[in-house]
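Heads up, my_file.pdb below (PDB, C-alpha atoms and all ligand atoms):
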ATOM      1  CA  MET A   1       0.000   0.000   0.000  1.00  0.00           C
ATOM      2  CA  LEU A   2       1.458   3.333  -1.056  1.00  0.00           C
ATOM      3  CA  ARG A   3       1.370   6.196   1.410  1.00  0.00           C
ATOM      4  CA  GLU A   4       2.045   9.875   0.857  1.00  0.00           C
ATOM      5  CA  GLY A   5       5.744  10.688   1.169  1.00  0.00           C
ATOM      6  CA  MET A   6       6.824   7.056   0.871  1.00  0.00           C
ATOM      7  CA  VAL A   7       9.854   6.495  -1.367  1.00  0.00           C
ATOM      8  CA  VAL A   8       9.554   3.401  -3.530  1.00  0.00           C
ATOM      9  CA  ARG A   9      12.366   1.628  -5.341  1.00  0.00           C
ATOM     10  CA  VAL A  10      11.309   0.616  -8.843  1.00  0.00           C
ATOM     11  CA  PRO A  11      13.389  -2.146 -10.402  1.00  0.00           C
ATOM     12  CA  ILE A  12      14.864  -1.155 -13.739  1.00  0.00           C
ATOM     13  CA  LEU A  13      14.264  -4.191 -15.870  1.00  0.00           C
ATOM     14  CA  PRO A  14      13.973  -4.556 -19.636  1.00  0.00           C
ATOM     15  CA  THR A  15      10.633  -6.337 -19.232  1.00  0.00           C
ATOM     16  CA  PRO A  16       7.753  -5.995 -18.655  1.00  0.00           C
ATOM     17  CA  TRP A  17       8.443  -2.387 -19.569  1.00  0.00           C
ATOM     18  CA  PHE A  18       7.004  -1.370 -22.879  1.00  0.00           C
ATOM     19  CA  GLU A  19      10.056  -0.347 -24.849  1.00  0.00           C
ATOM     20  CA  ASP A  20      10.365   1.592 -28.048  1.00  0.00           C
ATOM     21  CA  PRO A  21      13.193   3.970 -28.994  1.00  0.00           C
ATOM     22  CA  GLU A  22      10.735   6.635 -30.156  1.00  0.00           C
ATOM     23  CA  ILE A  23       8.070   6.301 -27.513  1.00  0.00           C
ATOM     24  CA  GLY A  24       9.921   5.232 -24.409  1.00  0.00           C
ATOM     25  CA  ARG A  25       9.080   2.739 -21.735  1.00  0.00           C
ATOM     26  CA  VAL A  26       6.072   2.521 -19.479  1.00  0.00           C
ATOM     27  CA  LYS A  27       5.114   0.232 -16.628  1.00  0.00           C
ATOM     28  CA  VAL A  28       2.815   0.024 -13.639  1.00  0.00           C
ATOM     29  CA  HIS A  29       4.519  -0.457 -10.305  1.00  0.00           C
ATOM     30  CA  GLY A  30       2.077  -0.712  -7.447  1.00  0.00           C
ATOM     31  CA  GLY A  31      -0.058   2.413  -7.644  1.00  0.00           C
ATOM     32  CA  LEU A  32       2.496   4.227  -9.763  1.00  0.00           C
ATOM     33  CA  ILE A  33       3.011   4.649 -13.479  1.00  0.00           C
ATOM     34  CA  VAL A  34       6.675   4.841 -14.324  1.00  0.00           C
ATOM     35  CA  ALA A  35       7.812   5.858 -17.771  1.00  0.00           C
ATOM     36  CA  ARG A  36      11.033   6.599 -19.509  1.00  0.00           C
ATOM     37  CA  LYS A  37      10.953   8.946 -22.429  1.00  0.00           C
ATOM     38  CA  GLY A  38      13.893  10.620 -24.105  1.00  0.00           C
ATOM     39  CA  GLY A  39      16.180   9.204 -21.437  1.00  0.00           C
ATOM     40  CA  ARG A  40      14.188  10.881 -18.674  1.00  0.00           C
ATOM     41  CA  ALA A  41      12.366   8.895 -15.995  1.00  0.00           C
ATOM     42  CA  ILE A  42       8.843  10.110 -15.212  1.00  0.00           C
ATOM     43  CA  ALA A  43       6.298   8.897 -12.669  1.00  0.00           C
ATOM     44  CA  TYR A  44       2.658   9.555 -11.886  1.00  0.00           C
ATOM     45  CA  LEU A  45       0.076   8.158  -9.560  1.00  0.00           C
ATOM     46  CA  ASN A  46      -1.907   5.547 -11.453  1.00  0.00           C
ATOM     47  CA  LEU A  47      -5.065   7.547 -10.930  1.00  0.00           C
ATOM     48  CA  CYS A  48      -7.282   8.989 -13.617  1.00  0.00           C
ATOM     49  CA  ARG A  49      -8.345  12.631 -13.240  1.00  0.00           C
ATOM     50  CA  HIS A  50     -11.874  11.915 -14.439  1.00  0.00           C
ATOM     51  CA  VAL A  51     -12.925   9.387 -11.812  1.00  0.00           C
ATOM     52  CA  PRO A  52     -10.431   8.156  -9.186  1.00  0.00           C
ATOM     53  CA  LEU A  53      -9.752   4.812 -10.850  1.00  0.00           C
ATOM     54  CA  SER A  54      -6.482   3.333 -12.093  1.00  0.00           C
ATOM     55  CA  LEU A  55      -5.806   3.918 -15.782  1.00  0.00           C
ATOM     56  CA  ASP A  56      -5.324   0.219 -16.442  1.00  0.00           C
ATOM     57  CA  LEU A  57      -7.797  -2.550 -15.657  1.00  0.00           C
ATOM     58  CA  GLY A  58      -5.395  -4.292 -13.301  1.00  0.00           C
ATOM     59  CA  ASP A  59      -3.447  -5.771 -16.177  1.00  0.00           C
ATOM     60  CA  GLY A  60      -0.728  -3.117 -16.527  1.00  0.00           C
ATOM     61  CA  GLU A  61      -1.976  -2.061 -19.951  1.00  0.00           C
ATOM     62  CA  LEU A  62      -1.509   1.692 -20.156  1.00  0.00           C
ATOM     63  CA  LEU A  63      -0.822   2.704 -23.699  1.00  0.00           C
ATOM     64  CA  SER A  64      -3.165   3.893 -26.393  1.00  0.00           C
ATOM     65  CA  ALA A  65      -3.396   1.834 -29.580  1.00  0.00           C
ATOM     66  CA  ASP A  66      -0.917   4.125 -31.343  1.00  0.00           C
ATOM     67  CA  LYS A  67       1.344   3.911 -28.262  1.00  0.00           C
ATOM     68  CA  THR A  68       1.776   7.679 -28.036  1.00  0.00           C
ATOM     69  CA  ARG A  69      -0.377   8.310 -24.940  1.00  0.00           C
ATOM     70  CA  LEU A  70      -1.237   6.852 -21.579  1.00  0.00           C
ATOM     71  CA  LEU A  71      -4.811   5.657 -21.952  1.00  0.00           C
ATOM     72  CA  CYS A  72      -7.405   5.365 -19.250  1.00  0.00           C
ATOM     73  CA  HIS A  73      -9.186   2.162 -20.105  1.00  0.00           C
ATOM     74  CA  HIS A  74     -12.399   3.193 -18.337  1.00  0.00           C
ATOM     75  CA  HIS A  75     -13.656   6.120 -20.438  1.00  0.00           C
ATOM     76  CA  GLY A  76     -10.830   6.752 -22.871  1.00  0.00           C
ATOM     77  CA  ALA A  77      -8.939   9.738 -21.452  1.00  0.00           C
ATOM     78  CA  ARG A  78      -5.561  10.091 -23.148  1.00  0.00           C
ATOM     79  CA  TYR A  79      -2.593  11.609 -21.326  1.00  0.00           C
ATOM     80  CA  ARG A  80       0.713  12.768 -22.801  1.00  0.00           C
ATOM     81  CA  ILE A  81       3.517  10.640 -21.402  1.00  0.00           C
ATOM     82  CA  GLU A  82       5.979  13.501 -21.014  1.00  0.00           C
ATOM     83  CA  ASP A  83       3.867  15.827 -18.854  1.00  0.00           C
ATOM     84  CA  GLY A  84       0.786  13.825 -17.894  1.00  0.00           C
ATOM     85  CA  VAL A  85      -1.632  16.331 -19.447  1.00  0.00           C
ATOM     86  CA  CYS A  86      -4.915  14.895 -20.724  1.00  0.00           C
ATOM     87  CA  ASP A  87      -5.330  16.058 -24.313  1.00  0.00           C
ATOM     88  CA  TYR A  88      -8.428  14.026 -25.138  1.00  0.00           C
ATOM     89  CA  GLY A  89     -11.338  12.699 -23.125  1.00  0.00           C
ATOM     90  CA  PRO A  90     -13.614  13.631 -20.254  1.00  0.00           C
ATOM     91  CA  CYS A  91     -10.886  15.295 -18.190  1.00  0.00           C
ATOM     92  CA  GLU A  92      -9.183  17.182 -21.023  1.00  0.00           C
ATOM     93  CA  GLY A  93      -6.759  19.796 -19.680  1.00  0.00           C
ATOM     94  CA  GLU A  94      -6.277  18.027 -16.344  1.00  0.00           C
ATOM     95  CA  ARG A  95      -2.967  16.441 -15.440  1.00  0.00           C
ATOM     96  CA  LEU A  96      -1.946  13.164 -13.826  1.00  0.00           C
ATOM     97  CA  ILE A  97      -0.481  13.649 -10.358  1.00  0.00           C
ATOM     98  CA  PRO A  98       3.302  13.627 -10.797  1.00  0.00           C
ATOM     99  CA  ALA A  99       5.694  11.835  -8.470  1.00  0.00           C
ATOM    100  CA  ALA A 100       9.294  12.903  -7.897  1.00  0.00           C
ATOM    101  CA  VAL A 101      11.792  10.508  -9.452  1.00  0.00           C
ATOM    102  CA  ASP A 102      15.414  10.113  -8.513  1.00  0.00           C
ATOM    103  CA  GLU A 103      17.707   7.840 -10.482  1.00  0.00           C
ATOM    104  CA  ARG A 104      20.953   6.915  -8.794  1.00  0.00           C
ATOM    105  CA  ASP A 105      23.361   4.018  -8.943  1.00  0.00           C
ATOM    106  CA  GLY A 106      21.258   2.297 -11.584  1.00  0.00           C
ATOM    107  CA  GLU A 107      18.107   2.363  -9.469  1.00  0.00           C
ATOM    108  CA  LEU A 108      14.949   4.365  -9.708  1.00  0.00           C
ATOM    109  CA  TRP A 109      13.384   5.846  -6.569  1.00  0.00           C
ATOM    110  CA  VAL A 110       9.924   7.350  -6.701  1.00  0.00           C
ATOM    111  CA  GLU A 111       8.413   9.487  -3.949  1.00  0.00           C
ATOM    112  CA  VAL A 112       4.678   8.980  -3.586  1.00  0.00           C
ATOM    113  CA  PRO A 113       2.964  12.406  -3.790  1.00  0.00           C
TER     114      PRO A 113
HETATM  115  S1  LIG A 201     -12.066   7.047 -15.171  1.00  0.00           S
HETATM  116 FE1  LIG A 201     -10.518   7.573 -16.585  1.00  0.00          FE
HETATM  117  S2  LIG A 201     -11.552   8.444 -18.246  1.00  0.00           S
HETATM  118 FE2  LIG A 201     -13.100   8.017 -16.828  1.00  0.00          FE
END
Produce structure tokens that represent the structure in this file.
Ligand code: FES
Amino acid sequence: MLREGMVVRVPILPTPWFEDPEIGRVKVHGGLIVARKGGRAIAYLNLCRHVPLSLDLGDGELLSADKTRLLCHHHGARYRIEDGVCDYGPCEGERLIPAAVDERDGELWVEVP
């Protein structure tokens, strides 16, 4: 169970991260979404801004069909990976809640917001 202020170590593994040189890598880790895009690690709470539900359906599937956005599988909100802004769907203009990421010594540490 994630709690506010908790720092979580996220294993950096080649799988099951989605990996594409153009798009980046995305995975669900507990209640967090962790992505890597353009060499930068990014994290958000796995919580849609439309209704407080996880974006995936418990299966870790996060990407839109064209693999350019994080997709909420409940009502179709699409969020840009790089800044978490919803650019299509019922919560357009809202933003996923970001989590601070620190990468050191080959490990990723995410602070739960
Ligand atoms: S709960 Fe995510 S779009 Fe409705």
Worksheet item: How many Å separate atom CA of A:Pro113 from atom CA of A:Glu82?
Response: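 Distance between the two atoms: 17.5 Å.
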Using all atoms of stretch 97-103 of chain A listed in the file and a margin of 6 Å per side, can you give the axis-aligned box centre and edge lengths in Å to one decimal, as JSON?
{"center_x": 8.6, "center_y": 10.7, "center_z": -9.3, "size_x": 30.2, "size_y": 17.8, "size_z": 14.9}
Fill in: Pick from A:Ser54, A:Arg3, A:Arg104, A:Arg49 nearest to A:Ile33, counting all atoms listed in the file
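Checking each of A:Ser54, A:Arg3, A:Arg104, A:Arg49 against A:Ile33, counting all atoms listed in the file, the winner is A:Ser54.
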Discussion item. Just checking: using all atoms listed in the file, which residue out of A:Ala77, A:Leu62, A:Ile42, A:Val26 ends up closest to ligand LIG 201 (chain A)?
Written reply: A:Ala77
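If all atoms listed in the file are the atoms counted, then among A:Ala100, A:Arg78, A:Gly106, A:Asp87 the closest residue to A:Gly5 is A:Ala100.
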Worksheet item: Which protein, DNA or RNA residues have an atom at most 8 Å from (10.2, 5.9, -9.0), counting only C-alpha atoms? List them as a ChimeraX atom specification.
Response: /A:7-10,32,34,41-43,99-103,108-111
Discussion item. Which residues are near ligand LIG 201 (chain A) - at most 12 Å, using only C-alpha atoms and all ligand atoms? Format: as a ChimeraX atom specification.
Written reply: /A:46-57,62,70-79,86-92,94-96
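Here atom CA of A:Gly58 is placed at a distance of 15.0 Å from atom CA of A:Met1.
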Item to complete: To one decimal in Å, tell me the separation between atom CA of A:Ile97 and atom CA of A:Asp59.
Response: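 One can read the atom CA of A:Ile97 to atom CA of A:Asp59 distance as 20.5 Å.
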Discussion item. Let me make sure I understand: among A:Glu107, A:Glu61, A:Asp66, A:Asp83, which one has the smallest atom-to-atom distance to A:Lys27 if we use all atoms listed in the file?
Written reply: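 Among the listed residues, the smallest separation from A:Lys27 belongs to A:Glu61.
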Fill in: Option closest in space to A:Met6, from A:Gly31, A:Gly84, A:Thr68, A:Arg36 [counting all atoms listed in the file]
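Between A:Gly31, A:Gly84, A:Thr68, A:Arg36, the residue approaching A:Met6 most closely is A:Gly31.
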Could all heavy atoms be built for stretch 24-35 of chain A and written out as an mmCIF file, keeping the file's coordinate frame?
data_model
loop_
_atom_site.group_PDB
_atom_site.id
_atom_site.type_symbol
_atom_site.label_atom_id
_atom_site.label_comp_id
_atom_site.auth_asym_id
_atom_site.auth_seq_id
_atom_site.Cartn_x
_atom_site.Cartn_y
_atom_site.Cartn_z
ATOM 1 N N GLY A 24 9.429 5.342 -25.774
ATOM 2 C CA GLY A 24 9.921 5.232 -24.409
ATOM 3 C C GLY A 24 9.440 3.945 -23.767
ATOM 4 O O GLY A 24 9.068 3.001 -24.443
ATOM 5 N N ARG A 25 9.462 3.936 -22.457
ATOM 6 C CA ARG A 25 9.080 2.739 -21.735
ATOM 7 C C ARG A 25 8.067 3.116 -20.664
ATOM 8 O O ARG A 25 8.176 4.155 -20.037
ATOM 9 C CB ARG A 25 10.301 2.100 -21.094
ATOM 10 C CG ARG A 25 11.354 1.708 -22.114
ATOM 11 C CD ARG A 25 12.423 0.877 -21.510
ATOM 12 N NE ARG A 25 13.288 1.653 -20.635
ATOM 13 C CZ ARG A 25 14.336 1.135 -20.012
ATOM 14 N NH1 ARG A 25 14.626 -0.134 -20.143
ATOM 15 N NH2 ARG A 25 15.078 1.875 -19.246
ATOM 16 N N VAL A 26 7.126 2.245 -20.441
ATOM 17 C CA VAL A 26 6.072 2.521 -19.479
ATOM 18 C C VAL A 26 5.773 1.252 -18.704
ATOM 19 O O VAL A 26 5.731 0.170 -19.264
ATOM 20 C CB VAL A 26 4.777 2.984 -20.197
ATOM 21 C CG1 VAL A 26 3.667 3.196 -19.196
ATOM 22 C CG2 VAL A 26 5.017 4.249 -20.996
ATOM 23 N N LYS A 27 5.551 1.379 -17.400
ATOM 24 C CA LYS A 27 5.114 0.232 -16.628
ATOM 25 C C LYS A 27 4.306 0.688 -15.435
ATOM 26 O O LYS A 27 4.385 1.840 -15.014
ATOM 27 C CB LYS A 27 6.305 -0.612 -16.175
ATOM 28 C CG LYS A 27 7.116 0.027 -15.054
ATOM 29 C CD LYS A 27 8.336 -0.773 -14.681
ATOM 30 C CE LYS A 27 8.043 -1.935 -13.814
ATOM 31 N NZ LYS A 27 9.261 -2.598 -13.312
ATOM 32 N N VAL A 28 3.536 -0.223 -14.892
ATOM 33 C CA VAL A 28 2.815 0.024 -13.639
ATOM 34 C C VAL A 28 3.616 -0.638 -12.538
ATOM 35 O O VAL A 28 4.064 -1.772 -12.670
ATOM 36 C CB VAL A 28 1.394 -0.590 -13.701
ATOM 37 C CG1 VAL A 28 0.734 -0.491 -12.339
ATOM 38 C CG2 VAL A 28 0.566 0.114 -14.743
ATOM 39 N N HIS A 29 3.825 0.103 -11.461
ATOM 40 C CA HIS A 29 4.519 -0.457 -10.305
ATOM 41 C C HIS A 29 3.694 -0.071 -9.084
ATOM 42 O O HIS A 29 3.671 1.093 -8.692
ATOM 43 C CB HIS A 29 5.948 0.093 -10.213
ATOM 44 C CG HIS A 29 6.740 -0.537 -9.117
ATOM 45 N ND1 HIS A 29 7.377 -1.749 -9.257
ATOM 46 C CD2 HIS A 29 6.973 -0.137 -7.851
ATOM 47 C CE1 HIS A 29 7.983 -2.055 -8.137
ATOM 48 N NE2 HIS A 29 7.754 -1.094 -7.267
ATOM 49 N N GLY A 30 2.993 -1.024 -8.534
ATOM 50 C CA GLY A 30 2.077 -0.712 -7.447
ATOM 51 C C GLY A 30 1.058 0.295 -7.944
ATOM 52 O O GLY A 30 0.455 0.131 -8.989
ATOM 53 N N GLY A 31 0.885 1.376 -7.232
ATOM 54 C CA GLY A 31 -0.058 2.413 -7.644
ATOM 55 C C GLY A 31 0.593 3.500 -8.455
ATOM 56 O O GLY A 31 0.037 4.583 -8.596
ATOM 57 N N LEU A 32 1.759 3.228 -8.999
ATOM 58 C CA LEU A 32 2.496 4.227 -9.763
ATOM 59 C C LEU A 32 2.600 3.830 -11.228
ATOM 60 O O LEU A 32 2.671 2.645 -11.556
ATOM 61 C CB LEU A 32 3.923 4.378 -9.214
ATOM 62 C CG LEU A 32 4.054 4.876 -7.782
ATOM 63 C CD1 LEU A 32 5.486 4.655 -7.295
ATOM 64 C CD2 LEU A 32 3.675 6.347 -7.683
ATOM 65 N N ILE A 33 2.647 4.835 -12.076
ATOM 66 C CA ILE A 33 3.011 4.649 -13.479
ATOM 67 C C ILE A 33 4.417 5.197 -13.608
ATOM 68 O O ILE A 33 4.683 6.331 -13.209
ATOM 69 C CB ILE A 33 2.070 5.447 -14.406
ATOM 70 C CG1 ILE A 33 0.646 4.938 -14.276
ATOM 71 C CG2 ILE A 33 2.565 5.386 -15.850
ATOM 72 C CD1 ILE A 33 -0.381 5.849 -14.933
ATOM 73 N N VAL A 34 5.304 4.400 -14.135
ATOM 74 C CA VAL A 34 6.675 4.841 -14.324
ATOM 75 C C VAL A 34 6.994 4.735 -15.808
ATOM 76 O O VAL A 34 6.733 3.716 -16.436
ATOM 77 C CB VAL A 34 7.665 3.984 -13.501
ATOM 78 C CG1 VAL A 34 9.074 4.502 -13.655
ATOM 79 C CG2 VAL A 34 7.259 3.988 -12.034
ATOM 80 N N ALA A 35 7.514 5.822 -16.347
ATOM 81 C CA ALA A 35 7.812 5.858 -17.771
ATOM 82 C C ALA A 35 9.222 6.384 -17.982
ATOM 83 O O ALA A 35 9.799 7.053 -17.126
ATOM 84 C CB ALA A 35 6.812 6.766 -18.482
#
